[in-house]
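So this one's start.cif, mmCIF, C-alpha atoms:
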```cif
data_work
loop_
_atom_site.group_PDB
_atom_site.id
_atom_site.type_symbol
_atom_site.label_atom_id
_atom_site.label_comp_id
_atom_site.auth_asym_id
_atom_site.auth_seq_id
_atom_site.Cartn_x
_atom_site.Cartn_y
_atom_site.Cartn_z
ATOM 1 C CA LEU A 1 3.338 -15.069 -60.818
ATOM 2 C CA LEU A 2 1.944 -11.476 -60.775
ATOM 3 C CA LEU A 3 3.373 -8.735 -58.542
ATOM 4 C CA ILE A 4 1.581 -5.407 -57.944
ATOM 5 C CA SER A 5 3.393 -2.428 -56.529
ATOM 6 C CA CYS A 6 1.431 -0.434 -53.919
ATOM 7 C CA SER A 7 3.150 2.804 -54.833
ATOM 8 C CA ASP A 8 1.354 2.867 -58.186
ATOM 9 C CA THR A 9 -2.223 2.430 -56.913
ATOM 10 C CA ASN A 10 -2.447 5.006 -54.028
ATOM 11 C CA ILE A 11 -4.137 2.479 -51.735
ATOM 12 C CA GLY A 12 -4.782 3.969 -48.294
ATOM 13 C CA VAL A 13 -3.536 7.442 -49.192
ATOM 14 C CA ARG A 14 -5.792 10.408 -48.422
ATOM 15 C CA ASP A 15 -5.473 13.952 -49.614
ATOM 16 C CA LYS A 16 -6.487 15.469 -46.282
ATOM 17 C CA PRO A 17 -6.138 14.168 -42.724
ATOM 18 C CA TRP A 18 -9.136 12.632 -40.980
ATOM 19 C CA PRO A 19 -10.922 13.898 -38.924
ATOM 20 C CA PRO A 20 -11.258 17.218 -40.724
ATOM 21 C CA ASN A 21 -9.941 20.392 -39.134
ATOM 22 C CA ARG A 22 -12.789 21.574 -36.894
ATOM 23 C CA ALA A 23 -11.355 25.053 -36.524
ATOM 24 C CA SER A 24 -12.420 26.081 -40.023
ATOM 25 C CA PRO A 25 -16.157 26.613 -40.526
ATOM 26 C CA ILE A 26 -16.300 24.695 -43.838
ATOM 27 C CA THR A 27 -14.166 21.641 -44.484
ATOM 28 C CA GLN A 28 -14.481 18.788 -46.930
ATOM 29 C CA HIS A 29 -14.861 15.114 -46.292
ATOM 30 C CA SER A 30 -11.744 13.371 -47.588
ATOM 31 C CA ARG A 31 -13.592 10.982 -49.911
ATOM 32 C CA SER A 32 -16.716 12.671 -51.217
ATOM 33 C CA ARG A 33 -15.609 16.309 -51.489
ATOM 34 C CA VAL A 34 -18.960 17.416 -50.014
ATOM 35 C CA PRO A 35 -18.600 20.431 -47.712
ATOM 36 C CA ILE A 36 -19.358 19.763 -44.049
ATOM 37 C CA HIS A 37 -20.643 22.717 -42.014
ATOM 38 C CA TRP A 38 -19.784 22.800 -38.299
ATOM 39 C CA HIS A 39 -22.289 25.029 -36.531
ATOM 40 C CA LYS A 40 -22.165 26.635 -33.123
ATOM 41 C CA MET A 41 -24.379 25.206 -30.409
ATOM 42 C CA VAL A 42 -27.711 26.982 -30.079
ATOM 43 C CA ARG A 43 -29.122 28.127 -26.771
ATOM 44 C CA ILE A 44 -32.204 26.089 -25.958
ATOM 45 C CA SER A 45 -33.359 27.619 -22.664
ATOM 46 C CA VAL A 46 -32.093 30.904 -21.266
ATOM 47 C CA LEU A 47 -33.778 30.168 -17.936
ATOM 48 C CA ASN A 48 -32.108 26.759 -17.691
ATOM 49 C CA ASP A 49 -28.689 28.285 -18.406
ATOM 50 C CA THR A 50 -29.300 30.903 -15.705
ATOM 51 C CA LEU A 51 -30.331 28.402 -13.048
ATOM 52 C CA LYS A 52 -27.464 26.039 -13.899
ATOM 53 C CA ALA A 53 -24.942 28.897 -13.638
ATOM 54 C CA MET A 54 -26.374 29.944 -10.255
ATOM 55 C CA TYR A 55 -26.423 26.359 -8.949
ATOM 56 C CA ASN A 56 -22.838 25.695 -10.054
ATOM 57 C CA ALA A 57 -21.606 28.988 -8.552
ATOM 58 C CA GLU A 58 -23.441 28.152 -5.329
ATOM 59 C CA LYS A 59 -21.790 24.715 -5.170
ATOM 60 C CA ARG A 60 -18.367 26.300 -5.642
ATOM 61 C CA GLY A 61 -19.026 28.792 -2.837
ATOM 62 C CA LYS A 62 -19.132 31.937 -4.991
ATOM 63 C CA ARG A 63 -20.809 35.050 -3.646
ATOM 64 C CA GLN A 64 -22.015 36.366 -7.001
ATOM 65 C CA VAL A 65 -22.522 35.138 -10.544
ATOM 66 C CA LEU A 66 -22.771 36.878 -13.925
ATOM 67 C CA VAL A 67 -25.622 35.588 -16.068
ATOM 68 C CA ARG A 68 -26.227 36.275 -19.736
ATOM 69 C CA PRO A 69 -28.356 36.489 -21.844
ATOM 70 C CA VAL A 70 -31.388 37.768 -19.962
ATOM 71 C CA SER A 71 -35.107 37.569 -20.654
ATOM 72 C CA LYS A 72 -38.212 38.847 -18.884
ATOM 73 C CA VAL A 73 -38.945 35.326 -17.644
ATOM 74 C CA VAL A 74 -35.478 35.130 -16.040
ATOM 75 C CA ILE A 75 -36.015 38.471 -14.259
ATOM 76 C CA LYS A 76 -39.431 37.421 -12.919
ATOM 77 C CA PHE A 77 -38.059 34.028 -11.792
ATOM 78 C CA LEU A 78 -35.224 35.779 -9.943
ATOM 79 C CA GLN A 79 -37.740 38.118 -8.292
ATOM 80 C CA VAL A 80 -39.642 35.084 -6.946
ATOM 81 C CA MET A 81 -36.367 33.622 -5.653
ATOM 82 C CA GLN A 82 -35.511 36.952 -4.027
ATOM 83 C CA LYS A 83 -38.959 37.208 -2.427
ATOM 84 C CA HIS A 84 -38.446 33.822 -0.757
ATOM 85 C CA GLY A 85 -34.911 34.734 0.368
ATOM 86 C CA TYR A 86 -32.936 32.283 -1.775
ATOM 87 C CA ILE A 87 -30.845 35.050 -3.392
ATOM 88 C CA ASN A 88 -29.967 38.542 -2.211
ATOM 89 C CA GLU A 89 -30.284 41.294 -4.782
ATOM 90 C CA PHE A 90 -29.543 41.196 -8.472
ATOM 91 C CA GLU A 91 -28.573 43.959 -10.878
ATOM 92 C CA TYR A 92 -29.546 44.144 -14.542
ATOM 93 C CA ILE A 93 -26.808 45.509 -16.811
ATOM 94 C CA ASP A 94 -28.067 46.873 -20.129
ATOM 95 C CA ASP A 95 -25.381 46.368 -22.764
ATOM 96 C CA HIS A 96 -27.712 47.195 -25.708
ATOM 97 C CA ARG A 97 -27.713 43.518 -26.641
ATOM 98 C CA SER A 98 -29.405 40.752 -24.682
ATOM 99 C CA GLY A 99 -28.320 42.135 -21.304
ATOM 100 C CA LYS A 100 -26.543 40.724 -18.264
ATOM 101 C CA ILE A 101 -27.487 40.166 -14.645
ATOM 102 C CA VAL A 102 -25.180 40.028 -11.635
ATOM 103 C CA VAL A 103 -26.827 37.895 -8.942
ATOM 104 C CA GLU A 104 -25.702 38.115 -5.313
ATOM 105 C CA LEU A 105 -25.870 34.621 -3.822
ATOM 106 C CA ASN A 106 -26.425 33.923 -0.122
ATOM 107 C CA GLY A 107 -25.792 30.168 0.049
ATOM 108 C CA ARG A 108 -29.398 28.999 0.446
ATOM 109 C CA ILE A 109 -29.877 27.283 -2.932
ATOM 110 C CA ASN A 110 -29.652 23.510 -2.599
ATOM 111 C CA LYS A 111 -31.133 22.688 -5.987
ATOM 112 C CA CYS A 112 -32.890 24.596 -8.725
ATOM 113 C CA GLY A 113 -34.033 23.566 -12.142
ATOM 114 C CA VAL A 114 -36.317 24.075 -15.110
ATOM 115 C CA ILE A 115 -39.175 21.749 -16.004
ATOM 116 C CA SER A 116 -39.203 21.181 -19.744
ATOM 117 C CA PRO A 117 -41.637 20.880 -21.421
ATOM 118 C CA ARG A 118 -43.745 23.391 -19.547
ATOM 119 C CA TYR A 119 -46.544 21.138 -18.376
ATOM 120 C CA ASP A 120 -50.052 22.475 -17.803
ATOM 121 C CA LEU A 121 -51.076 22.640 -14.171
ATOM 122 C CA SER A 122 -54.459 23.413 -12.626
ATOM 123 C CA HIS A 123 -54.702 24.769 -9.090
ATOM 124 C CA THR A 124 -56.000 21.380 -7.935
ATOM 125 C CA ASP A 125 -52.886 19.550 -9.243
ATOM 126 C CA VAL A 126 -50.412 21.641 -7.257
ATOM 127 C CA GLU A 127 -50.134 19.103 -4.417
ATOM 128 C CA ASP A 128 -49.139 16.318 -6.823
ATOM 129 C CA TRP A 129 -46.370 18.447 -8.303
ATOM 130 C CA VAL A 130 -45.155 19.549 -4.860
ATOM 131 C CA GLY A 131 -44.831 15.903 -3.857
ATOM 132 C CA ARG A 132 -43.049 15.102 -7.117
ATOM 133 C CA LEU A 133 -40.544 17.968 -7.251
ATOM 134 C CA LEU A 134 -39.853 19.222 -3.744
ATOM 135 C CA PRO A 135 -38.174 17.380 -0.853
ATOM 136 C CA SER A 136 -40.890 18.433 1.600
ATOM 137 C CA ARG A 137 -44.284 20.126 1.513
ATOM 138 C CA LEU A 138 -42.976 22.857 3.819
ATOM 139 C CA PHE A 139 -39.728 23.431 1.981
ATOM 140 C CA GLY A 140 -39.095 24.719 -1.534
ATOM 141 C CA VAL A 141 -40.995 26.539 -4.245
ATOM 142 C CA ILE A 142 -42.454 25.619 -7.635
ATOM 143 C CA VAL A 143 -42.674 28.563 -10.044
ATOM 144 C CA LEU A 144 -45.626 28.772 -12.439
ATOM 145 C CA THR A 145 -46.439 31.058 -15.318
ATOM 146 C CA THR A 146 -50.124 31.976 -15.127
ATOM 147 C CA ALA A 147 -52.565 34.483 -16.537
ATOM 148 C CA ASN A 148 -51.788 36.600 -13.432
ATOM 149 C CA GLY A 149 -48.051 36.574 -14.142
ATOM 150 C CA ILE A 150 -45.215 34.419 -12.842
ATOM 151 C CA LEU A 151 -46.154 33.171 -9.366
ATOM 152 C CA ASP A 152 -45.003 30.609 -6.828
ATOM 153 C CA HIS A 153 -47.208 27.578 -6.209
ATOM 154 C CA GLU A 154 -48.600 28.852 -2.900
ATOM 155 C CA GLU A 155 -49.771 32.146 -4.370
ATOM 156 C CA ALA A 156 -51.282 30.366 -7.389
ATOM 157 C CA ARG A 157 -53.198 28.058 -5.058
ATOM 158 C CA ARG A 158 -54.444 31.036 -2.998
ATOM 159 C CA LYS A 159 -55.622 32.832 -6.146
ATOM 160 C CA LYS A 160 -56.988 29.545 -7.571
ATOM 161 C CA VAL A 161 -55.225 29.968 -10.913
ATOM 162 C CA GLY A 162 -53.456 27.346 -12.961
ATOM 163 C CA GLY A 163 -50.775 27.714 -15.578
ATOM 164 C CA LYS A 164 -47.613 26.104 -16.808
ATOM 165 C CA VAL A 165 -44.722 24.858 -14.652
ATOM 166 C CA LEU A 166 -41.529 26.875 -15.202
ATOM 167 C CA GLY A 167 -39.216 25.423 -12.596
ATOM 168 C CA PHE A 168 -38.454 24.877 -8.938
ATOM 169 C CA PHE A 169 -35.904 25.724 -6.267
ATOM 170 C CA TYR A 170 -35.196 24.640 -2.718
#
```

Would you kindly transcribe this structure into structure tokens?
Amino acid sequence: LLLISCSDTNIGVRDKPWPPNRASPITQHSRSRVPIHWHKMVRISVLNDTLKAMYNAEKRGKRQVLVRPVSKVVIKFLQVMQKHGYINEFEYIDDHRSGKIVVELNGRINKCGVISPRYDLSHTDVEDWVGRLLPSRLFGVIVLTTANGILDHEEARRKKVGGKVLGFFY
């Protein structure tokens, strides 16, 4: 008869707890001693983050929302929304970094979103996209980026220019 003591073999004993401490930027896996790097999340779409923040603030009944970072596309998109009366005014705050915008909400946004990837759209295809994205042909706006700048779908159809679909709101 052969008896083996578990205290001599270190079965099931680890040097470090699992899962590793996520607070430190570099930790080691308990078995292989290979460093694991935990990275911060990267920002995929600044415009999507802006519209999501505005939509969530609108749902919660807020009167204004602070949005950061800011790009030229975000500013032009907000100008289209302001032209159609979906937001009041907005103020750009230059902090010598990526900037901030304070948007005054008026409670008219039901839904807004970004279309990714930015599909190509000719001026003849606008009706198909209106039927696909908006609840009604008379209600809502699709925003396009064209050679003439960032326009809503009605203005692009009037000017007979196509472009890429940025997003929508209604």

### For Phe168 in chain A: contacts at 7 Å, all atoms listed in the file, fewer than 2 positions along chain excluded, given as a ChimeraX atom specification
/A:112-114,141-143

### Message
Given the point (-25.2, 34.0, -5.2) in the coordinates of this file, which residues lie within 8 Å, counting all atoms listed in the file, and how would they look as a list in words?
### Response
Met54, Ala57, Glu58, Lys62, Arg63, Gln64, Val65, Ile87, Asn88, Val103, Glu104, Leu105, Asn106 and Gly107 of chain A

Hey, can I get the axis-aligned box for range 154-166 of chain A? All listed atoms, 3 Å padding on each side, centre and edge lengths in Å to one decimal, as AutoDock Vina command-line options.
```
--center_x -49.3 --center_y 28.8 --center_z -9.9 --size_x 21.5 --size_y 14.0 --size_z 19.9
```

### Matched chain/residue IDs from the PyMOL selection byres ((chain A and resi 86) around 10), as a list of chain:residue names
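When the PyMOL selection byres ((chain A and resi 86) around 10) is applied to the shown file, the picked residues are A:Leu78, A:Gln79, A:Val80, A:Met81, A:Gln82, A:Lys83, A:His84, A:Gly85, A:Ile87, A:Asn88, A:Glu89, A:Glu104, A:Leu105, A:Asn106, A:Gly107, A:Arg108, A:Ile109, A:Asn110, A:Gly140, A:Phe169, A:Tyr170.
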
Written selection (C-alpha atoms) as a PDB file, keeping the file's coordinate frame:
```pdb
ATOM      1  CA  LEU A  78     -35.224  35.779  -9.943  1.00  0.00           C
ATOM      2  CA  GLN A  79     -37.740  38.118  -8.292  1.00  0.00           C
ATOM      3  CA  VAL A  80     -39.642  35.084  -6.946  1.00  0.00           C
ATOM      4  CA  MET A  81     -36.367  33.622  -5.653  1.00  0.00           C
ATOM      5  CA  GLN A  82     -35.511  36.952  -4.027  1.00  0.00           C
ATOM      6  CA  LYS A  83     -38.959  37.208  -2.427  1.00  0.00           C
ATOM      7  CA  HIS A  84     -38.446  33.822  -0.757  1.00  0.00           C
ATOM      8  CA  GLY A  85     -34.911  34.734   0.368  1.00  0.00           C
ATOM      9  CA  ILE A  87     -30.845  35.050  -3.392  1.00  0.00           C
ATOM     10  CA  ASN A  88     -29.967  38.542  -2.211  1.00  0.00           C
ATOM     11  CA  GLU A  89     -30.284  41.294  -4.782  1.00  0.00           C
ATOM     12  CA  GLU A 104     -25.702  38.115  -5.313  1.00  0.00           C
ATOM     13  CA  LEU A 105     -25.870  34.621  -3.822  1.00  0.00           C
ATOM     14  CA  ASN A 106     -26.425  33.923  -0.122  1.00  0.00           C
ATOM     15  CA  GLY A 107     -25.792  30.168   0.049  1.00  0.00           C
ATOM     16  CA  ARG A 108     -29.398  28.999   0.446  1.00  0.00           C
ATOM     17  CA  ILE A 109     -29.877  27.283  -2.932  1.00  0.00           C
ATOM     18  CA  ASN A 110     -29.652  23.510  -2.599  1.00  0.00           C
ATOM     19  CA  GLY A 140     -39.095  24.719  -1.534  1.00  0.00           C
ATOM     20  CA  PHE A 169     -35.904  25.724  -6.267  1.00  0.00           C
ATOM     21  CA  TYR A 170     -35.196  24.640  -2.718  1.00  0.00           C
TER      22      TYR A 170
END
```

### Message
Can you pull out the residues contacting range 161-165 of chain A? Cut-off 10 Å, using only C-alpha atoms, and skip same-chain residues under 4 positions away; I want them as a list in words.
### Response
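Using only C-alpha atoms, the neighbours found are Val114, Ile115, Ser116, Pro117, Arg118, Tyr119, Asp120, Leu121, Ser122, His123, Thr124, Asp125, Val126, Trp129, Ile142, Val143, Leu144, Thr145, Thr146, Ala147, Asn148, Gly149, Ile150, Leu151, Asp152, His153, Glu155, Ala156 and Arg157 of chain A.
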
#### Entry: Using all atoms listed in the file: which of A:Ile93, A:Val102, A:Ile75, A:Leu133 has the shortest distance to Ala53 in chain A
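That would be A:Val102, the residue with the smallest distance to Ala53 in chain A.
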
### Explicit residue set for the PyMOL selection byres ((chain A and resi 99) around 12), as a ChimeraX atom specification
/A:46,66-72,74-75,91-98,100-102

#### Entry: Å distance separating CA of Lys52 in chain A from CA of Leu134 in chain A, one decimal place
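Computing the Euclidean distance for CA of Lys52 in chain A and CA of Leu134 in chain A yields 17.4 Å.
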
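Between CA of Gly131 in chain A and CA of Phe77 in chain A the interatomic distance comes to 20.9 Å.
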